[in-house]
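Text of entry-v9.pdb, listed as PDB, C-alpha atoms:
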MODEL        1
ATOM      1  CA  MET Z   1      -7.019  10.272  15.530
ATOM      2  CA  ILE Z   2      -5.638  12.565  12.805
ATOM      3  CA  THR Z   3      -2.889  15.143  13.248
ATOM      4  CA  ILE Z   4      -2.787  18.260  11.068
ATOM      5  CA  THR Z   5       0.605  19.923  11.500
ATOM      6  CA  GLU Z   6       0.891  23.706  11.933
ATOM      7  CA  PRO Z   7       2.307  24.228   8.403
ATOM      8  CA  ALA Z   8      -0.622  22.200   7.003
ATOM      9  CA  GLN Z   9      -3.099  24.200   9.103
ATOM     10  CA  ASP Z  10      -1.645  27.475   7.765
ATOM     11  CA  TYR Z  11      -1.806  26.191   4.184
ATOM     12  CA  LEU Z  12      -5.391  24.945   4.540
ATOM     13  CA  ALA Z  13      -6.449  28.207   6.213
ATOM     14  CA  GLU Z  14      -5.105  30.151   3.207
ATOM     15  CA  LEU Z  15      -7.021  27.917   0.802
ATOM     16  CA  LEU Z  16     -10.199  28.366   2.842
ATOM     17  CA  LYS Z  17      -9.856  32.175   2.832
ATOM     18  CA  LYS Z  18      -9.746  32.112  -0.970
ATOM     19  CA  GLN Z  19     -13.134  30.348  -1.055
ATOM     20  CA  ASP Z  20     -14.854  33.514   0.232
ATOM     21  CA  SER Z  21     -17.526  31.506   2.076
ATOM     22  CA  ASP Z  22     -18.525  32.187   5.675
ATOM     23  CA  GLY Z  23     -18.182  29.191   7.964
ATOM     24  CA  ILE Z  24     -16.368  27.036   5.416
ATOM     25  CA  GLY Z  25     -14.127  24.320   6.823
ATOM     26  CA  ILE Z  26     -12.645  21.074   5.616
ATOM     27  CA  ARG Z  27     -13.944  17.521   5.627
ATOM     28  CA  VAL Z  28     -11.608  14.544   6.033
ATOM     29  CA  PHE Z  29     -12.699  11.077   4.914
ATOM     30  CA  ILE Z  30     -11.412   7.879   3.338
ATOM     31  CA  LEU Z  31     -12.789   6.392   0.132
ATOM     32  CA  ASP Z  32     -12.874   2.568   0.163
ATOM     33  CA  PRO Z  33     -11.502   2.316   3.729
ATOM     34  CA  GLY Z  34      -9.988  -0.993   4.750
ATOM     35  CA  THR Z  35      -9.170  -1.997   1.168
ATOM     36  CA  PRO Z  36      -6.030  -1.739  -0.976
ATOM     37  CA  LYS Z  37      -7.851   1.005  -2.928
ATOM     38  CA  ALA Z  38      -8.242   3.221   0.181
ATOM     39  CA  GLU Z  39      -7.680   6.902  -0.519
ATOM     40  CA  THR Z  40      -7.548   9.598   2.151
ATOM     41  CA  CYS Z  41      -9.300  12.797   1.069
ATOM     42  CA  ILE Z  42      -9.646  16.379   2.244
ATOM     43  CA  SER Z  43     -12.347  18.553   0.711
ATOM     44  CA  PHE Z  44     -13.889  21.948   1.336
ATOM     45  CA  CYS Z  45     -16.974  21.722   3.529
ATOM     46  CA  ARG Z  46     -19.432  24.604   3.388
ATOM     47  CA  PRO Z  47     -22.043  24.902   6.156
ATOM     48  CA  GLY Z  48     -24.636  22.170   5.664
ATOM     49  CA  GLU Z  49     -22.382  19.918   3.561
ATOM     50  CA  GLU Z  50     -21.166  17.935   6.564
ATOM     51  CA  LYS Z  51     -22.811  14.571   7.282
ATOM     52  CA  GLU Z  52     -25.035  14.087  10.326
ATOM     53  CA  ASP Z  53     -22.589  11.803  12.161
ATOM     54  CA  ASP Z  54     -19.372  13.671  11.225
ATOM     55  CA  GLN Z  55     -17.287  14.760  14.178
ATOM     56  CA  ARG Z  56     -16.249  18.399  14.361
ATOM     57  CA  LYS Z  57     -12.674  19.230  15.351
ATOM     58  CA  GLU Z  58     -11.595  22.801  16.019
ATOM     59  CA  TYR Z  59      -8.286  24.241  14.850
ATOM     60  CA  PRO Z  60      -7.078  27.786  15.557
ATOM     61  CA  GLN Z  61      -7.903  29.063  12.037
ATOM     62  CA  PHE Z  62     -10.698  26.743  10.870
ATOM     63  CA  HIS Z  63     -12.768  23.699  11.770
ATOM     64  CA  ALA Z  64     -12.691  20.217  10.308
ATOM     65  CA  TRP Z  65     -15.406  17.627   9.930
ATOM     66  CA  ILE Z  66     -14.142  14.053  10.274
ATOM     67  CA  GLU Z  67     -16.290  11.348   8.710
ATOM     68  CA  ASN Z  68     -17.370   9.059  11.536
ATOM     69  CA  ARG Z  69     -16.903   5.858   9.521
ATOM     70  CA  SER Z  70     -13.330   6.900   8.630
ATOM     71  CA  ILE Z  71     -12.205   7.565  12.211
ATOM     72  CA  PRO Z  72     -10.737   4.085  12.914
ATOM     73  CA  PHE Z  73      -8.849   4.265   9.610
ATOM     74  CA  LEU Z  74      -7.482   7.740  10.404
ATOM     75  CA  ASN Z  75      -5.760   6.580  13.581
ATOM     76  CA  GLU Z  76      -2.142   7.832  13.436
ATOM     77  CA  ALA Z  77      -2.842   9.780  10.209
ATOM     78  CA  VAL Z  78      -0.782  12.939   9.601
ATOM     79  CA  VAL Z  79      -1.495  15.831   7.248
ATOM     80  CA  ASP Z  80       1.594  17.952   6.595
ATOM     81  CA  TYR Z  81       2.700  20.726   4.272
ATOM     82  CA  ALA Z  82       6.269  21.261   3.085
ATOM     83  CA  LYS Z  83       7.417  24.266   1.068
ATOM     84  CA  ASP Z  84       9.702  23.584  -1.876
ATOM     85  CA  THR Z  85      11.029  25.364  -4.936
ATOM     86  CA  MET Z  86       7.761  24.737  -6.797
ATOM     87  CA  GLY Z  87       5.641  26.224  -3.987
ATOM     88  CA  GLY Z  88       4.874  23.331  -1.705
ATOM     89  CA  GLN Z  89       3.075  20.060  -1.259
ATOM     90  CA  LEU Z  90       0.322  18.901   1.066
ATOM     91  CA  THR Z  91       0.829  15.270   2.084
ATOM     92  CA  ILE Z  92      -1.539  12.900   3.830
ATOM     93  CA  LYS Z  93      -0.195   9.746   5.439
ATOM     94  CA  ALA Z  94      -2.778   7.360   6.861
ATOM     95  CA  PRO Z  95      -1.015   4.089   7.727
ATOM     96  CA  ASN Z  96      -4.214   2.407   8.940
ATOM     97  CA  SER Z  97      -6.419   3.345   5.984
ATOM     98  CA  ARG Z  98      -5.943   0.046   4.140
ATOM     99  CA  LEU Z  99      -5.678  -2.459   6.986
ATOM    100  CA  PRO Z 100      -7.733  -1.214   9.887
ATOM    101  CA  LYS Z 101      -8.036  -2.655  13.325
ATOM    102  CA  ILE Z 102     -11.399  -4.389  12.979
ATOM    103  CA  THR Z 103     -13.501  -5.110  16.052
ATOM    104  CA  ALA Z 104     -16.947  -6.589  16.636
ATOM    105  CA  GLU Z 105     -18.249  -2.998  16.769
ATOM    106  CA  SER Z 106     -16.823  -2.090  13.335
ATOM    107  CA  PRO Z 107     -19.399  -1.527  10.570
ATOM    108  CA  ILE Z 108     -20.290  -4.765   8.781
ATOM    109  CA  GLU Z 109     -18.959  -3.338   5.480
ATOM    110  CA  ASP Z 110     -15.520  -2.875   7.060
ATOM    111  CA  GLN Z 111     -15.597  -6.403   8.495
ATOM    112  CA  ILE Z 112     -16.480  -7.857   5.075
ATOM    113  CA  ASN Z 113     -13.699  -5.911   3.318
ATOM    114  CA  TYR Z 114     -11.208  -6.975   5.958
ATOM    115  CA  VAL Z 115     -12.017 -10.680   5.412
ATOM    116  CA  LEU Z 116     -12.034 -10.292   1.618
ATOM    117  CA  TYR Z 117      -8.668  -8.549   1.415
ATOM    118  CA  ASN Z 118      -6.857 -10.449   4.156
ATOM    119  CA  GLU Z 119      -8.216 -13.998   3.925
ATOM    120  CA  ILE Z 120     -10.068 -14.611   0.667
ATOM    121  CA  ASN Z 121      -8.214 -12.591  -1.999
ATOM    122  CA  PRO Z 122      -4.765 -13.958  -1.137
ATOM    123  CA  SER Z 123      -6.108 -17.454  -1.994
ATOM    124  CA  LEU Z 124      -7.810 -16.266  -5.172
ATOM    125  CA  ALA Z 125      -4.639 -14.476  -6.268
ATOM    126  CA  SER Z 126      -2.969 -17.831  -6.955
ATOM    127  CA  HIS Z 127      -5.442 -18.189  -9.853
ATOM    128  CA  GLY Z 128      -5.223 -14.527 -10.832
ATOM    129  CA  GLY Z 129      -8.597 -13.812  -9.246
ATOM    130  CA  VAL Z 130     -10.033 -11.168  -6.961
ATOM    131  CA  VAL Z 131     -13.392 -10.457  -5.345
ATOM    132  CA  THR Z 132     -14.682  -7.093  -4.146
ATOM    133  CA  LEU Z 133     -17.671  -5.876  -2.186
ATOM    134  CA  GLU Z 134     -19.914  -3.954  -4.580
ATOM    135  CA  ASP Z 135     -22.826  -3.221  -2.251
ATOM    136  CA  LEU Z 136     -24.390  -4.100   1.060
ATOM    137  CA  VAL Z 137     -28.161  -4.547   1.104
ATOM    138  CA  ASP Z 138     -30.029  -3.983   4.368
ATOM    139  CA  ASP Z 139     -26.706  -4.338   6.244
ATOM    140  CA  THR Z 140     -27.052  -8.136   5.934
ATOM    141  CA  ILE Z 141     -26.558  -9.155   2.274
ATOM    142  CA  ALA Z 142     -23.129  -8.790   0.653
ATOM    143  CA  ILE Z 143     -23.162  -8.154  -3.093
ATOM    144  CA  LEU Z 144     -19.814  -9.281  -4.526
ATOM    145  CA  LYS Z 145     -18.096  -8.952  -7.882
ATOM    146  CA  PHE Z 146     -15.412 -11.341  -9.109
ATOM    147  CA  GLY Z 147     -12.601 -10.235 -11.398
ATOM    148  CA  GLY Z 148      -9.412 -11.470 -13.018
ATOM    149  CA  GLY Z 149      -9.205 -15.265 -13.267
ATOM    150  CA  CYS Z 150     -12.500 -15.650 -11.364
ATOM    151  CA  GLN Z 151     -14.597 -13.804 -13.951
ATOM    152  CA  GLY Z 152     -16.114 -16.428 -16.239
ATOM    153  CA  CYS Z 153     -14.338 -19.253 -14.423
ATOM    154  CA  GLY Z 154     -16.117 -22.615 -14.622
ATOM    155  CA  MET Z 155     -15.513 -23.183 -10.890
ATOM    156  CA  VAL Z 156     -16.841 -19.807  -9.676
ATOM    157  CA  ASP Z 157     -20.009 -21.333  -8.165
ATOM    158  CA  VAL Z 158     -17.911 -23.674  -6.030
ATOM    159  CA  THR Z 159     -15.563 -20.836  -5.092
ATOM    160  CA  LEU Z 160     -18.516 -18.645  -4.124
ATOM    161  CA  LYS Z 161     -20.444 -21.253  -2.109
ATOM    162  CA  GLU Z 162     -17.654 -23.337  -0.569
ATOM    163  CA  GLY Z 163     -15.017 -20.654  -0.151
ATOM    164  CA  VAL Z 164     -16.122 -17.046  -0.168
ATOM    165  CA  GLU Z 165     -19.652 -17.338   1.224
ATOM    166  CA  LYS Z 166     -18.697 -19.890   3.879
ATOM    167  CA  THR Z 167     -15.733 -17.814   5.084
ATOM    168  CA  LEU Z 168     -17.695 -14.557   5.165
ATOM    169  CA  MET Z 169     -20.676 -16.108   6.969
ATOM    170  CA  ASP Z 170     -18.340 -17.649   9.574
ATOM    171  CA  LYS Z 171     -16.288 -14.493  10.138
ATOM    172  CA  VAL Z 172     -18.863 -11.668   9.868
ATOM    173  CA  PRO Z 173     -21.676 -11.773  12.442
ATOM    174  CA  GLY Z 174     -24.961 -10.444  11.104
ATOM    175  CA  LEU Z 175     -24.259 -11.337   7.484
ATOM    176  CA  THR Z 176     -27.196 -13.405   6.193
ATOM    177  CA  ALA Z 177     -26.417 -13.889   2.492
ATOM    178  CA  VAL Z 178     -23.797 -13.435  -0.214
ATOM    179  CA  ARG Z 179     -24.704 -12.714  -3.851
ATOM    180  CA  ASP Z 180     -22.574 -12.555  -7.014
ATOM    181  CA  VAL Z 181     -23.305  -9.828  -9.607
ATOM    182  CA  THR Z 182     -20.419 -10.670 -11.932
ATOM    183  CA  ASP Z 183     -21.070 -11.084 -15.661
ATOM    184  CA  HIS Z 184     -19.507 -14.533 -16.102
ATOM    185  CA  THR Z 185     -20.154 -14.668 -19.861
ATOM    186  CA  ASN Z 186     -16.774 -12.993 -20.421
ATOM    187  CA  LYS Z 187     -14.310 -15.879 -20.123
ATOM    188  CA  ASP Z 188     -11.191 -14.122 -21.509
ATOM    189  CA  ASN Z 189      -9.194 -14.292 -18.263
ATOM    190  CA  ALA Z 190     -10.944 -17.273 -16.662
ATOM    191  CA  TYR Z 191      -8.624 -19.657 -14.818
ATOM    192  CA  PHE Z 192     -10.833 -22.727 -15.522
ATOM    193  CA  LYS Z 193     -12.730 -22.529 -18.826
TER     194      LYS Z 193
ENDMDL
END

Is it possible to give me this structure as C-alpha cells?
Amino acid sequence: MITITEPAQDYLAELLKKQDSDGIGIRVFILDPGTPKAETCISFCRPGEEKEDDQRKEYPQFHAWIENRSIPFLNEAVVDYAKDTMGGQLTIKAPNSRLPKITAESPIEDQINYVLYNEINPSLASHGGVVTLEDLVDDTIAILKFGGGCQGCGMVDVTLKEGVEKTLMDKVPGLTAVRDVTDHTNKDNAYFK
C-alpha cells in the first residue's frame, strides 16, 4: 500500500503535536482517483472525522486513516520529507493514482473513469473533445458531461449513443444507463456546428 518514510513520519508527528488535539492522526485519500485529475491528499483527522470504511494504520508516533476507496490507487505510493535551505518539503508520489489496476471488484465509478480516460477520451481528443463522469446515480446510471469540441457539437447525440454509451455499457458490468447533463447551447468550441 502506501509507505511513509521515517523523515516524513517525524515531520507529520511534529505537525500533529502543534494541533493540540488528543487522538488526532492523519487521513490519506485521493481526489478523482483513476483520472488525469487525481490528487493525493493528506489531512488532519481528529477522532470521529474518519470514514466508516477507512483502514487504520499505526505508526510509531501517530496513526493514519487510509480511505478504503483510495487503497488500490495508493499501491506503491511514497510520502517523504526532505530538509532543504528553506526548511523542507513533504512530497507524495502515487504512481497508480491516475491509471489504476481495475478489476471486476473495483467500484463501478472507478471502472467508468478507467474506460472514459483510456478508451473514449483518446478518440474524442482528435476533435478537441472530452467527457467526464459527473455523478453516479444508484450505482447504475452514469451522469456524464461533455467539454471542449463535444460541447454544443451537432453530432453529440450520435457520439453519446453510438460511441460513449455503447462502450461503457459493454465494458462496465452493472451499468444500466448513461445520461448527458451538458449544456449544448454553447457552441463556441463545437467541432461540428

For the structure provided, state which residues fall under the PyMOL selection byres ((chain Z and resi 118-128) around 8), and present them as a ChimeraX atom specification.
-> /Z:114-117,129-131,148-150,163-164,167,191

Give the answer as one residue: which of Z:His184, Z:Lys83, Z:Arg98, Z:Lys171 has the shortest atom-to-atom distance to Thr35 in chain Z, using all atoms listed in the file?
->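 Nearest to Thr35 in chain Z: Z:Arg98.
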
Check the smallest atom-to-atom distance from each of Z:Ala142, Z:Asp157, Z:Thr3, Z:Ala82 to Ala177 in chain Z using all atoms listed in the file, then report the winner.
->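 Among the listed residues, the smallest separation from Ala177 in chain Z belongs to Z:Ala142.
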
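The space separating CA of Leu175 in chain Z from CA of Ile141 in chain Z comes to 6.1 Å.
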
What are the closest atom pairs, with distances in Å to one decimal, for all residues of range 74-146 of chain Z lying within 7 Å of range 8-31 of chain Z? Consider only C-alpha atoms, order rows by chain and residue number, and present the result as a Markdown table.
| residue | atom | partner | partner_atom | distance |
| --- | --- | --- | --- | --- |
| Z:Val79 | CA | Z:Ala8 | CA | 6.4 |
| Z:Asp80 | CA | Z:Ala8 | CA | 4.8 |
| Z:Tyr81 | CA | Z:Ala8 | CA | 4.5 |
| Z:Leu90 | CA | Z:Ala8 | CA | 6.9 |

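Compared by their closest atoms to Arg69 in chain Z, and using only C-alpha atoms, the residues Z:Ile102, Z:Pro107, Z:Phe44, Z:Asn96 rank with Z:Pro107 nearest.
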